[in-house]
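J.: Below are the structure tokens for one structure; questions will follow.
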Protein chains: 4
Amino acid sequence: MFFASDNAGPAHDAIIAALATANRGYAMPYGADPIMDEVRAKIRTIFEAPTAEVYLVATGTAANALALACYAQPWQTVFCSPVAHIHEDECNAPEFYAGGAKLTLVGDGAKMTPDNLRSAIEGEETRGVHGPQRGPVSITQVTERGTVYSVDELRALCDVAKSFDLPVHLDGARFANALVALGCTPAEMTWKAGVDVVSFGGTKNGCVGVEAVILFDPDKAWEFELRRKRGAHLFSKHRYLSAQMNAYLTEDLWRLSATKANANCARLVAGLKEAGVTFLHDPQANIVFCSFPRAAHQRLHDAGAVYYVWSGALEGDDPDEMLEARLVCDWSLSETQIDQFVALVKPA
Amino acid sequence: MFFASDNAGPAHDAIIAALATANRGYAMPYGADPIMDEVRAKIRTIFEAPTAEVYLVATGTAANALALACYAQPWQTVFCSPVAHIHEDECNAPEFYAGGAKLTLVGDGAKMTPDNLRSAIEGEETRGVHGPQRGPVSITQVTERGTVYSVDELRALCDVAKSFDLPVHLDGARFANALVALGCTPAEMTWKAGVDVVSFGGTKNGCVGVEAVILFDPDKAWEFELRRKRGAHLFSKHRYLSAQMNAYLTEDLWRLSATKANANCARLVAGLKEAGVTFLHDPQANIVFCSFPRAAHQRLHDAGAVYYVWSGALEGDDPDEMLEARLVCDWSLSETQIDQFVALVKPA
Amino acid sequence: MFFASDNAGPAHDAIIAALATANRGYAMPYGADPIMDEVRAKIRTIFEAPTAEVYLVATGTAANALALACYAQPWQTVFCSPVAHIHEDECNAPEFYAGGAKLTLVGDGAKMTPDNLRSAIEGEETRGVHGPQRGPVSITQVTERGTVYSVDELRALCDVAKSFDLPVHLDGARFANALVALGCTPAEMTWKAGVDVVSFGGTKNGCVGVEAVILFDPDKAWEFELRRKRGAHLFSKHRYLSAQMNAYLTEDLWRLSATKANANCARLVAGLKEAGVTFLHDPQANIVFCSFPRAAHQRLHDAGAVYYVWSGALEGDDPDEMLEARLVCDWSLSETQIDQFVALVKPA
Amino acid sequence: MFFASDNAGPAHDAIIAALATANRGYAMPYGADPIMDEVRAKIRTIFEAPTAEVYLVATGTAANALALACYAQPWQTVFCSPVAHIHEDECNAPEFYAGGAKLTLVGDGAKMTPDNLRSAIEGEETRGVHGPQRGPVSITQVTERGTVYSVDELRALCDVAKSFDLPVHLDGARFANALVALGCTPAEMTWKAGVDVVSFGGTKNGCVGVEAVILFDPDKAWEFELRRKRGAHLFSKHRYLSAQMNAYLTEDLWRLSATKANANCARLVAGLKEAGVTFLHDPQANIVFCSFPRAAHQRLHDAGAVYYVWSGALEGDDPDEMLEARLVCDWSLSETQIDQFVALVKPA
């Protein structure tokens, strides 16, 4: 019963098999391997973006920090949610890669709204050379609270950004989970809405460790390549990144995996609802924030369930006190595990 | 016949198998996986360094840049060979990670000598606050020209560094190749000689992509962890790094692989000597720099041999003109390939 | 009638005279001039801090950014008010000098409170290596809204910082204005309260361009010197910085100048109160935020008064609409100018 | 007898007087002062460059580092002499401002030649994304050894740079000394030769502390302004920088001052030649490197002469041992001082 994160489950067998298959003979290093050509072609097709440039790195933080650095000058500020991964979970990597740029936190929730984005942008660059200058907007899809921007919401945010001539980055560490939740196309969720650069996640959705950065503006390609190398993120044995991403994009594995993760989450949510659990955010993909009594937490803990108690302490006198939990479902959870979890939440 | 680099051959089956084995169930992310405990224990044993701290990253440039950044202040200069990987092949990654530190090139060869190291160190910090301050010494072992520092040579360089209170970094991208060439212990080649931090390579010696940074001074550990995360080099699914390194260190795979690579190289060298080839550097591990006529290069090229023509152009009128080649042997080369290569070099 | 800023008035004649006096013969460069010895001694006496180290730079942003960089690691975050100069008016200089550190905005006013400081600090470093680490606290005294922390308030903030082992920086661009407002000693307003490093302003209080950085911990001195040089803030003809600061500290010029500026402000406030003006913040030093009708703004504008209309537009149809103004008084304003300004605010 | 540097003499009375004159009433801060308009107009006229943008900073290192940062990407390398100020005397400021760019040292003398510049440029960027990329060329005029590039030599270097599409920076800390030595126009020594950006020095030639950065490409202007602010080099009371530069450019003070300094140097050289002194470099402006016996050094030292003994130690047994000296002449030296110096060098 592992609900701590989608970064702790196993990779798909197909991914491991692809590594084994790629492990034959010699292959040109540093991205010149033929599997990368396949990856590039597949992503261009999937995104309906024949001139997009595609690069692979091994961590989501690398994808985000490198993508942003191509669009954020050191004297600018990046607009993002106060709970964005780039703000809370990357130990200043975006600031490091962007040479000391700032982050401006927009609104007070996981989702930015066009109004609070506009207001945040208008709040900067009112002081000539003195204040930080306006930089890119970074949108997290799925948000860090498990909600999903609709295509209309994405477009509205991008429209605000564009009205100030600002580029837009999409942190898609859980891109596939969002996509299957929305039932739209990758193009609709990205460049058609106004997104310039995407961190397209594989790691959390069943890969070993691979993320694609998709640059819809190929003019940024060479700068990205130099930044990737300088950031020490260019793999010599690149074929093992290519092989993962290639398998991920083959026979719709990426979509099927996310569909399974979201379905797992839906089953969990249904069970929890039945058990009378309160939800803090609308669980639209594979992440649940909810609240239930300490006694239930303790039963789960004793049974070996692993997840984050998001607020409050497991230890405590009052068995009825409500504690918040973050529960993340990956593709590999079994229905049995989910049902067992739910059963432990329910009062005896 | 692939002699271009040891980063283009396949990984050992044992490494791939270890990935598959690690791919079961859930594992705590970010280095808290139990396999990492095994890795740490093994490295401490192998290096006779029970308090050393050990961290894994996926690229050699990351290992070097992060290790140096822990020891080089932004206003300092790092002393290294003019052909060091950190100078020539990392697109300013060390400067980036060390916040704008400088590199001072020592001597004019692949090997630094105590005299030219001392002279370079004395040449800096003669101007108070105005010039760059003296920072760490970085030694590449195997050197980028295929030569190997003896333990005495390493100790002599470290002694010079220590006489100025400067720390020493060892770039051991080909650590194992050097070790088996010298027949010494890992401790003798590192901390016993005076090395403070090691980049211990796995990638070029049969892994998929994994390098260990070994800090003999555990006081630097937390800073390293923060720098690794901030550099976007902390893997969430860390077990796949651990599994590679663990397999690499199991049943002496790392030494056997290097032994095989060096033996391949020795066979190549013997054959080339017989063929009358001139060597530009003494090939002591798995890299050869040598010179032979254009006609031989063309024969090799036509037969599909892949390697770097280091100086001169393959195309040209004079078949007798001597062109330099860099030839790198990895563990996976067959004797047949080597003999075939040599046969093509020999004049008909 | 110049109320736009205290950076636009003339310098004291004594400061200019000191430049002329210093302009004789040769003087050792880079801070080795004998006038600097006098400055250091005077500041140590004034601050009752015999081991403090003192350095001069020419801009307040340099003082702040260099001081903070000595105390903030690149993976940390600096705690400050959302209207702090370091956040709003330095174009990411603190982030640049601190290698990409972050700023965490505390509360929503010009003054931080112990409670919201504690809450902000507790909010960081809850995610191990993933989030930014806790760094220094930076307090602005006089605040950017013209209010002044009492000595007790300063001590309470420092106590919170110390309870987390965090260092404290005081941005004293208007140090003297705060000091005379409080009637305390420099020691009470700094190290006795728990401040580790001070930006001690001269420029806004009648100098040409000079700020002292006072490090109560002399162990940071050499790092500061290297950072100052690397930041290109070390003056070769340093005597002209020394001469300004020396004159500023002679015969209490610094206190007298601030006393005059504050008195100018008090006269302005008294007049405005009488004129029925509303104040947005309590004007405790030499800065006033207040609100009065557009018609009055237009009269002032037509008469050549210079100041910032802080919110709202001078142009507009409704003469009764209230517009906010920021008014800053320097030492050089005459009572006539102030009274003339007030007279123009008053309705006919 | 102060020959240590041209940064230790007094400023011209006209410069101090200009500060006093500027010190009247209010002036808009941050470069919006009307004196700056005069400065801009004068420099455009002097340089025959009506669209050039002009900015003032207070130190030569700031001028160099900011100018270079506008032209050097973090993954590039700057080509300069191994004795360039930017390499030896700026404590990594250029690397800091350029985000971790590298410096490639060209040749082994103070003057670069077209051949060794071309060879250095060709030596970089031979490794695709792996090595540092080619960046700007920085030329020091007067060189750090007191020699002066002819206009033809400058043009030849710029031609090499342009043949690789690289921009050219001129470090003109002693611009005026070079100009009067060559007898050419400022345009001929800069943009007509191919220079893109100039650090135009005032400090070493009789100002208090002011340098102009002249950007012949106005498209870089806004970036420069942001970098200057972010580097904390934008003066609030900017009029005192403007006033210095304005006085410097009035009635040819800048040229007269350099003419005097160079004449002082010529008198010194003539005297030393007569005294049999050996010169290490051809003294073409106001700096002399020469060699004479320890006994003479000791006589000078006892008489209070201040200068750098460049190699060898003043203390020593052998009175005949030759020690090298660096002697710098500023405008303020008297003929008496020079003659007295020469007299002390001459054997009794």
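We name chains A, B, ... following the order of the structure tokens; residues begin at 1 in each chain, and ligands are numbered from 1 as shown.
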Give as a list in words every residue of chain C that touches chain A within 9 Å, counting only C-alpha atoms.
T.: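 So the residues of chain C near chain A are Pro74, Trp75, Gln76, Thr77, His87, Glu88, Asp89, Glu90, Cys91, Asn92, Ala93, Pro94, Glu95, Phe96, Tyr97, Ala98, Gly99, Gly100, Ala101, Lys102, Leu103, Glu124, Arg127, Val129, His130, Gly131, Pro132 and Gln133 of chain C.
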J.: Please identify the helix (DSSP H, G or I) residues within range 4-50 of chain C (assignment by DSSP from backbone atoms) and present them as a PyMOL selection string.
T.: chain C and resi 13-22+34-46
J.: Could you give me, as a VMD selection string, each residue of range 115-296 of chain B that DSSP assigns to strand (DSSP E) when run on this structure's backbone?
T.: chain B and resid 133 to 140 168 to 172 197 to 201 211 to 215 278 to 279 287 to 293
J.: Create the file for the chosen residues now, containing C-alpha atoms and written as a tab-separated table (two decimals), in the first residue's frame.
T.:
chain	number	residue	atom	x	y	z
B	133	GLN	CA	42.61	32.98	-4.97
B	134	ARG	CA	44.15	29.55	-4.87
B	135	GLY	CA	41.62	26.74	-4.95
B	136	PRO	CA	41.59	22.96	-5.31
B	137	VAL	CA	43.87	20.85	-7.45
B	138	SER	CA	42.10	18.48	-9.83
B	139	ILE	CA	43.98	15.43	-11.08
B	140	THR	CA	42.71	13.27	-13.94
B	168	VAL	CA	42.65	17.66	-4.05
B	169	HIS	CA	40.02	16.26	-6.38
B	170	LEU	CA	40.58	13.15	-8.46
B	171	ASP	CA	38.66	12.88	-11.70
B	172	GLY	CA	38.41	9.11	-11.89
B	197	VAL	CA	37.25	13.80	-3.06
B	198	VAL	CA	36.93	11.36	-5.95
B	199	SER	CA	34.76	11.13	-9.02
B	200	PHE	CA	34.56	7.35	-9.26
B	201	GLY	CA	33.43	6.43	-12.74
B	211	GLU	CA	29.23	7.83	-11.15
B	212	ALA	CA	29.96	7.92	-7.44
B	213	VAL	CA	31.31	10.94	-5.64
B	214	ILE	CA	33.28	9.83	-2.63
B	215	LEU	CA	33.90	12.48	0.01
B	278	THR	CA	54.49	5.50	-33.59
B	279	PHE	CA	52.94	6.31	-30.19
B	287	ILE	CA	43.58	4.86	-24.57
B	288	VAL	CA	46.09	5.04	-27.39
B	289	PHE	CA	47.38	8.08	-29.26
B	290	CYS	CA	49.37	7.03	-32.28
B	291	SER	CA	50.34	8.02	-35.76
B	292	PHE	CA	50.22	6.07	-38.99
B	293	PRO	CA	49.89	6.80	-42.71
J.: What is the CA of Lys229 in chain D-CA of Thr143 in chain C distance in Å, reported with one decimal?
T.: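 Distance reported for this atom pair: 21.3 Å.
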